[in-house]
Amino acid sequence: MPSYQAKDDAQFNAGNWVWCEDEEEAWLPGKVLGSEGGQTSIEVLSRGKKKFKDAVAATYEPCGNCMNLDMSNLVDLDVFSEGTILHHVAKRFNRDSIYTFVGSILVAANPFQRFNIYGQDMVNKYRALAAANEPSPPHTYAIASQSYMKMCDSGNSQSVLISGESGAGKTETTKQVLQYLAFVAGTPGELGIAEQILQSNPVLEAFGNAKTLKNNNSSRFGKWMKIDFDPRNNKIHGCRIINYLLEKSRVCYQNPGERSYHSFYQLLAGPTAEETATLGLGGPDDYPYLNKSGCTAIDGVDDREEQGLMRTAMEILHFSPDEQLSVMKILAGILALSRVNLIGDDESSAISPDTQEHLELAAQILGLSPDQLASSLTSRIEQMGGRGSVVNIKLNQEKATETKDAFSKALYGNMFDWLVQKVNETLFKGETEVHFGVLDIFGFETFDVNSFEQMCINYTNEKLQSHFNSVIFDEEMNMYEAEQVPHEEMSFPDNLECVALIEGRPLGLISLLDEQCSLGKATDETYLHKIDTTFSKKSKTANRYFDKKPQSRDSFSIKHFAGPVTYNVTNFLEKNKDTISSTLVTTAVSSELPLVALVFSPKAESPEQKAKKGGKNKGKATLGTKFKNDLSGLMTALHVTEPAFIRCIKSNAEKVPGKFTQKMVLQQLKNGGLFEAIAIRRAGYSYRNGHKLFAQHYAVIFVDLQVRTRQQGCDYREICQELLTRFGEKYPQQLEPHNWVIGLTKVFLKTAGEQNALEAVRTKSMEHLVWKLQAMVRGYITRRRIWLEQHAAEEEERKARELAEREARKLLEEQQKQLASIVKVQTVIRKFVAVRQYKKLSGLRDVARAQRSGSIDELTNALSSMKEAVDVKDLPSWARSKLADADKQLRRLIEVEELMQTIQEAKVDLDLDTLKESLARAEELGISEYSEVQQAQAELSSIEEKKGVMERLMSFLKDDSAVANVPALLEQAKDLGVDSSFVDRVEDVYQTVAPKLEARNNLRVAVEVVHHDSIVDCLAQVKEMSGNNEFGPFGQQEIQAAEQMLKMLDFEGELYKGEFPRDEPRLTDELIELCARVENASDPARKKEAKQDLQVVVWNDAKLEGLVRAYKWRAVYATWLYWKENAEPEDAYSTTVDDDESSFYGMRPGFARYKYNVHMTIENTLQVPATVQGQIADMNSSSPRKGGRTAGRKPGRSPRRTDGRNDYTRATTARPAKQHHTPVYRQQRRKEPEISDEMKKLEVSRQKTAEKRKELAKTTQRMAQLCWHKSEADGTAGTEFANRRKSRWK
């Protein structure tokens, strides 16, 4: 900058703020400290003091006067430089203002988060501002509303050009523009054309967008949307979409961390049932076209949900179900092809057998023949010579793989073109006079390795930049004319030479690439050599925008407006040809799937294709030529519209909210051509500012002008004119007359030199003002100090007097507070004493009231409250006496209450002892007249009778032969009101065992009378009944006794034949041993010998007969007779007869003792659980009898002796106690019956009940001793209480 020379006047430059270049932040503000020795010292913000050479410092732009202002439109800046623009964009971004105007250009910074600045309310706001022709804050809606109003007012077509790099937010910005148009020009409440236009986005994004390293939803194609409007009502009439340069290589290959197009992942995430059955889909990791990049999912994105939105949009856009299925089949076919591997050598190739099934699946899905598809992938047919001869050329493995990938890319690319055409069939309703164009195009790109696609993209941006420069230059000229600023013919830097380098004919990069493609043996290297020789500096056709380093063998560079980019020519020719073999085309056209055949069949050009070429109709061309023609058509469409520009920038590379990377943003601003507009501006008057702002800022140079700026209604234009005129007269070398102009609303300065001169003089003026202000302040401080010294004594006396008064007032207030506190304490104490006395008296009243009521609860609560409230020791003697009386009365009430409860429980439990004791105690307490006591006394006899009946019935349950007249007892129990369940149980048991008891008793009688035939008959009957017994074996003891008796009869028959005499000898040990020898002899000889020994001792036959009879009865009935003859079974346990383990009933003495205890427990409790009654019945079938055998005998039986004994029984009663010998056949060990847990629990319960009753008796006795006194007062109280109790129970 020639106007800024630090070395000429260091004082002039000191204090200026300039933009200093920084490696991290691009530009930082710095304050010039001075210049010395050829170096300028600058205090750089956040970097400290730095020194720069004067030549370098001279190039730094000034910061200007608007650094601290919030500028929504940066065209109003006084300094228009890289640092200034970057500073204001960053400052607004940090305040969540992501939009900034630079003239008519909108800069939109992607915040990577959602802000609530969109929707119907915001649309209405900007629509109203545009209708009122008022300035709008920066916003996407502001651009859309201004363009829409221009279209409505002028009838001219409008366009919005949206550009930026991947991830900058172009797609979202496009949606916002379309959303605004849909709101203001659509049909509200209907699914009309506006909604269909919006719904085209999900479809095109699914098939044309992908995840890249810079953006999760990057558009990989350009899009020009021409929205037609009805001029009669300015409503949307239709729309036509033109797509540009789809990145088809992404179908087969993605960089690490990227994804292919969204449509593949959406298909795999949520296919329909029909698609799953017919397409054989797997997961993304199963397909080589998708899994090589290592990324198959996007954080925060649900592919299944996105697919649902896409399918809904396709239905709204009138895609039929068959068309949707065909699209999905093409996607599935491409995925299946990716799993096909090709094997071979340098000569030929073939399908790998391992992947043959995938080839067949792909062919089936795409409607192709598997053999034909395999042949088309591994060979091609070419026509040779002029006569149409064809040759089948085999492809090696590498070429075959390239062919497969080329077919997949062509299939996807053609399908995408068909999708756009299908959408247009729904949206396009015919041409109209006016339209609104929206261009969503890829921004300038540069990577580590740039190829043919990047050259086409950057070529597009060069063309758009040329158009942009032209528009901005026209705006600049229009502004000069509007401000009535005189100006000469100006030129602006353009990039037409760079554009010609790429698209020139016949010498252009694309033309030369087409020429190389037409040559049979051309390669990428020959193409690089060709362009090097054509455009190098030594060539006659040299182009300064072309560069190639001599050592480079595969790359060249182009100096674009945004910076130089190096391109690698590898695969340039192959990508430019963009063709597949005619064999594959023929195979695809023969497909049974109509959509596959359609997208590969030759057809007439659609309107979209004609629009791309700008109306030109040419033959088949290369991809570069096609793209050049498409771009030419786009530029033609743009030239007929009035454009508006939106430059989208990416705030940071990490895609995180709230971060602003200045260096990265600066490069994007350069790529967006923003600083080309700066160059255009600098060609005229570089620095401009409004009249008011300029006058208020620089009027300090002349004090009188500064005073005028503070007056209302001042003419700021006149002040600016006078200020610059006087400044030029005072400093003629700094401000020449032809370097400034006063416009209608702004002040224009030619270069930065004039602005720096004004700033330097303003700084000096400010210094003079500061010096004057300092002098005034110092004078005031001095005068103030002198005045304070003069009045110091008076002030000290006044303060002392005020202090004494404050202390006196404070002392008086404290005394008054103390007096008030004493009075308050006395009041509280008196109140406390009164309340305490009241509580004492009220407590006694409550106690007396409770005594009169006779309620235990009330009296207990009253006494407890009284004792809690006051200390009994503090009460007077009469009060303590009344409390003692109340306490005695309470204990008596509690005892009577518990006694009444005990009487009721004894009545329920039929506990006669407890009932009698309780009645006796009631009589002692003088409450015999109570209704409960009298009722219990009246029921005592019936309870005794009921208990007797139940005991006899329990005896029957324990021994079915113990009770004679069971039916009569049952009737009596019913009359007495015994528990019906117990009576029913006894009746059931009786009805069950009655016939069995009769049979068993008959068997016993037959055994007792020793009648052989009766024993045999009765034994058979009992055995039959024993087999049907549900409680176990029945009559086992009787059966065993009968069988033994029959054995004895057989034994007796052998000993003696004839009648038995009545005199029976007594048994001795010697005779018992001799009889046992006869019985137990193992062979006839031994038995005969034993008989002879017996006859020697007992030689009389009659005595022998009696001996045999006595031995037999002793052996069989010894234990049984003890049970019959003794009153208590315990007597039999101590006898010698039961010492043997095998007794008549099969019980050992110890177990018999336990059974007896259980028997006694049941008798005492009189309560038999239902689960125990069945077990008692079982045990009764094998338990000993307490009564004789005649107790239950039915009428008609033979008479028995009244004492229950016969001659043989009496013969055995005198036998020695310890001379019992059990026969051998009685010595087997019988199994001990099991005792259930219920019986054991019953015994434990009985013992606990007995202990509880004993404790209760003791407690009652103690209470009686404590509560009952012989005094007259107590007797009176007891009588009153008894009377009240009696009346209560009545």
# chains A, B, ... in the order shown; residues from 1 in each chain; ligands from 1
>>> select_by_dssp(residues="region 871-1032 of chain A", states="helix (DSSP H, G or I)", output="MDAnalysis selection string")
chainID A and resid 872:874 877:909 912:925 931:938 940:958 966:976 980:1009 1012:1027
>>> atom_distance(atom1="CA of Ala500 (chain A)", atom2="CA of Lys559 (chain A)")
12.5 Å
>>> atom_distance(atom1="CA of Leu86 (chain A)", atom2="CA of Met477 (chain A)")
25.2 Å
>>> residues_around(residues="Lys53 (chain A)", least_positions_apart="3", cutoff="9 Å", atoms="only C-alpha atoms", output="list of chain:residue names")
A:Gly38, A:Gln39, A:Thr40, A:Ser41, A:Val56, A:Ala57, A:Ala58
>>> residues_around(residues="Cys252 (chain A)", least_positions_apart="2", cutoff="10 Å", atoms="only C-alpha atoms", output="PyMOL selection string")
chain A and resi 248-250+254+260+288-290+292+334-335+338+404-406+408-409
>>> select_by_dssp(residues="region 306-383 of chain A", states="strand (DSSP E or B)", output="PyMOL selection string")
chain A and resi 342-344+349-351+379-383
>>> closest_residue(among="A:Ile381, A:Leu735, A:Ile510, A:Ala588", to="Ala757 (chain A)", atoms="only C-alpha atoms")
A:Leu735
>>> residues_around(residues="Ala522 (chain A)", least_positions_apart="4", cutoff="12 Å", atoms="only C-alpha atoms", output="compact mmCIF listing (two decimals) with N, CA and C atoms, in the first residue's frame")
# COMPACT_ATOMS: atom_id res chain seq x y z
N LEU A 512 -8.22 -30.87 -25.98
CA LEU A 512 -7.05 -31.72 -26.19
C LEU A 512 -7.27 -33.10 -25.58
N LEU A 513 -8.02 -33.18 -24.47
CA LEU A 513 -8.32 -34.49 -23.87
C LEU A 513 -9.21 -35.30 -24.81
N ASP A 514 -10.19 -34.65 -25.45
CA ASP A 514 -11.04 -35.35 -26.43
C ASP A 514 -10.20 -35.83 -27.61
N GLU A 515 -9.27 -34.98 -28.02
CA GLU A 515 -8.40 -35.36 -29.15
C GLU A 515 -7.59 -36.60 -28.80
N GLN A 516 -7.05 -36.67 -27.58
CA GLN A 516 -6.27 -37.84 -27.16
C GLN A 516 -7.16 -39.08 -27.05
N CYS A 517 -8.40 -38.89 -26.61
CA CYS A 517 -9.31 -40.04 -26.50
C CYS A 517 -9.65 -40.62 -27.85
N SER A 518 -9.62 -39.80 -28.88
CA SER A 518 -9.95 -40.30 -30.22
C SER A 518 -8.80 -41.07 -30.84
N THR A 526 0.81 -39.29 -22.68
CA THR A 526 0.83 -38.52 -23.94
C THR A 526 -0.02 -37.27 -23.82
N TYR A 527 -1.13 -37.38 -23.08
CA TYR A 527 -1.99 -36.19 -22.88
C TYR A 527 -1.25 -35.14 -22.07
N LEU A 528 -0.54 -35.55 -21.03
CA LEU A 528 0.21 -34.60 -20.21
C LEU A 528 1.30 -33.92 -21.06
N HIS A 529 1.96 -34.69 -21.89
CA HIS A 529 2.99 -34.11 -22.76
C HIS A 529 2.39 -33.12 -23.74
N LYS A 530 1.20 -33.45 -24.23
CA LYS A 530 0.55 -32.59 -25.21
C LYS A 530 0.20 -31.23 -24.60
N ASN A 571 -5.80 -41.90 -15.24
CA ASN A 571 -7.17 -42.27 -15.61
C ASN A 571 -7.96 -41.10 -16.18
N PHE A 572 -7.29 -40.03 -16.60
CA PHE A 572 -8.00 -38.91 -17.22
C PHE A 572 -8.72 -39.37 -18.47
N LEU A 573 -8.03 -40.13 -19.34
CA LEU A 573 -8.64 -40.56 -20.60
C LEU A 573 -9.80 -41.52 -20.35
N GLU A 574 -9.61 -42.45 -19.41
CA GLU A 574 -10.66 -43.45 -19.14
C GLU A 574 -11.91 -42.76 -18.58
>>> closest_residue(among="A:Ser97, A:Val391, A:Leu584, A:Asn461", to="Leu411 (chain A)", atoms="only C-alpha atoms")
A:Leu584
>>> residues_around(residues="Cys1075 (chain A)", least_positions_apart="6", cutoff="9 Å", atoms="only C-alpha atoms", output="CSV table (one decimal) with N, CA and C atoms, in the first residue's frame")
chain,number,residue,atom,x,y,z
A,1090,ALA,N,-39.9,-135.8,71.8
A,1090,ALA,CA,-40.4,-134.7,72.7
A,1090,ALA,C,-41.7,-135.1,73.3
A,1091,LYS,N,-42.6,-135.7,72.6
A,1091,LYS,CA,-43.9,-136.1,73.1
A,1091,LYS,C,-43.7,-137.1,74.3
A,1094,LEU,N,-42.7,-135.4,77.3
A,1094,LEU,CA,-43.8,-134.7,78.0
A,1094,LEU,C,-44.7,-135.7,78.7
A,1107,LEU,N,-52.9,-129.3,80.1
A,1107,LEU,CA,-51.6,-128.6,79.9
A,1107,LEU,C,-51.5,-128.0,78.5
A,1108,VAL,N,-51.9,-128.8,77.5
A,1108,VAL,CA,-51.9,-128.3,76.2
A,1108,VAL,C,-52.7,-127.0,76.0
A,1111,TYR,N,-51.0,-124.0,77.8
A,1111,TYR,CA,-49.8,-123.6,77.0
A,1111,TYR,C,-50.3,-122.7,75.8
>>> closest_atom_pairs(of="region 592-694 of chain A", to="region 68-82 of chain A", cutoff="8 Å", atoms="only C-alpha atoms", output="Markdown table")
| residue | atom | partner | partner_atom | distance |
| --- | --- | --- | --- | --- |
| A:Leu666 | CA | A:Glu82 | CA | 7.6 |
| A:Phe675 | CA | A:Glu82 | CA | 7.4 |
| A:Ile678 | CA | A:Phe80 | CA | 6.8 |
| A:Ser686 | CA | A:Phe80 | CA | 7.3 |
| A:Tyr687 | CA | A:Asp78 | CA | 5.1 |
| A:Arg688 | CA | A:Asp78 | CA | 5.3 |
| A:Asn689 | CA | A:Asp78 | CA | 5.4 |
| A:Gly690 | CA | A:Asp76 | CA | 7.6 |
>>> write_last_selection(atoms="N, CA and C atoms", output="mmCIF file, in the first residue's frame")
data_model
loop_
_atom_site.group_PDB
_atom_site.id
_atom_site.type_symbol
_atom_site.label_atom_id
_atom_site.label_comp_id
_atom_site.auth_asym_id
_atom_site.auth_seq_id
_atom_site.Cartn_x
_atom_site.Cartn_y
_atom_site.Cartn_z
ATOM 1 N N LEU A 666 -11.206 -18.323 6.052
ATOM 2 C CA LEU A 666 -10.631 -17.371 5.107
ATOM 3 C C LEU A 666 -10.403 -18.016 3.749
ATOM 4 N N PHE A 675 -13.251 -12.110 -2.313
ATOM 5 C CA PHE A 675 -12.211 -11.098 -2.394
ATOM 6 C C PHE A 675 -11.963 -10.648 -3.828
ATOM 7 N N ILE A 678 -13.721 -7.625 -3.744
ATOM 8 C CA ILE A 678 -12.910 -6.573 -3.129
ATOM 9 C C ILE A 678 -12.029 -5.897 -4.187
ATOM 10 N N SER A 686 -12.057 2.775 -2.788
ATOM 11 C CA SER A 686 -11.950 1.589 -1.934
ATOM 12 C C SER A 686 -12.659 1.762 -0.604
ATOM 13 N N TYR A 687 -12.630 2.969 -0.038
ATOM 14 C CA TYR A 687 -13.137 3.186 1.317
ATOM 15 C C TYR A 687 -14.310 4.135 1.242
ATOM 16 N N ARG A 688 -15.411 3.692 1.861
ATOM 17 C CA ARG A 688 -16.614 4.505 1.874
ATOM 18 C C ARG A 688 -17.311 4.337 3.218
ATOM 19 N N ASN A 689 -18.026 5.419 3.618
ATOM 20 C CA ASN A 689 -18.701 5.384 4.907
ATOM 21 C C ASN A 689 -19.882 6.337 4.856
ATOM 22 N N GLY A 690 -20.877 6.105 5.702
ATOM 23 C CA GLY A 690 -22.046 6.965 5.733
ATOM 24 C C GLY A 690 -21.722 8.344 6.260
#
>>> residues_around(residues="region 594-596 of chain A", least_positions_apart="4", cutoff="8 Å", atoms="only C-alpha atoms", output="ChimeraX atom specification")
/A:323,326-327,330,366,411,588-589,600
>>> atom_distance(atom1="CA of Arg762 (chain A)", atom2="CA of Phe52 (chain A)")
25.0 Å
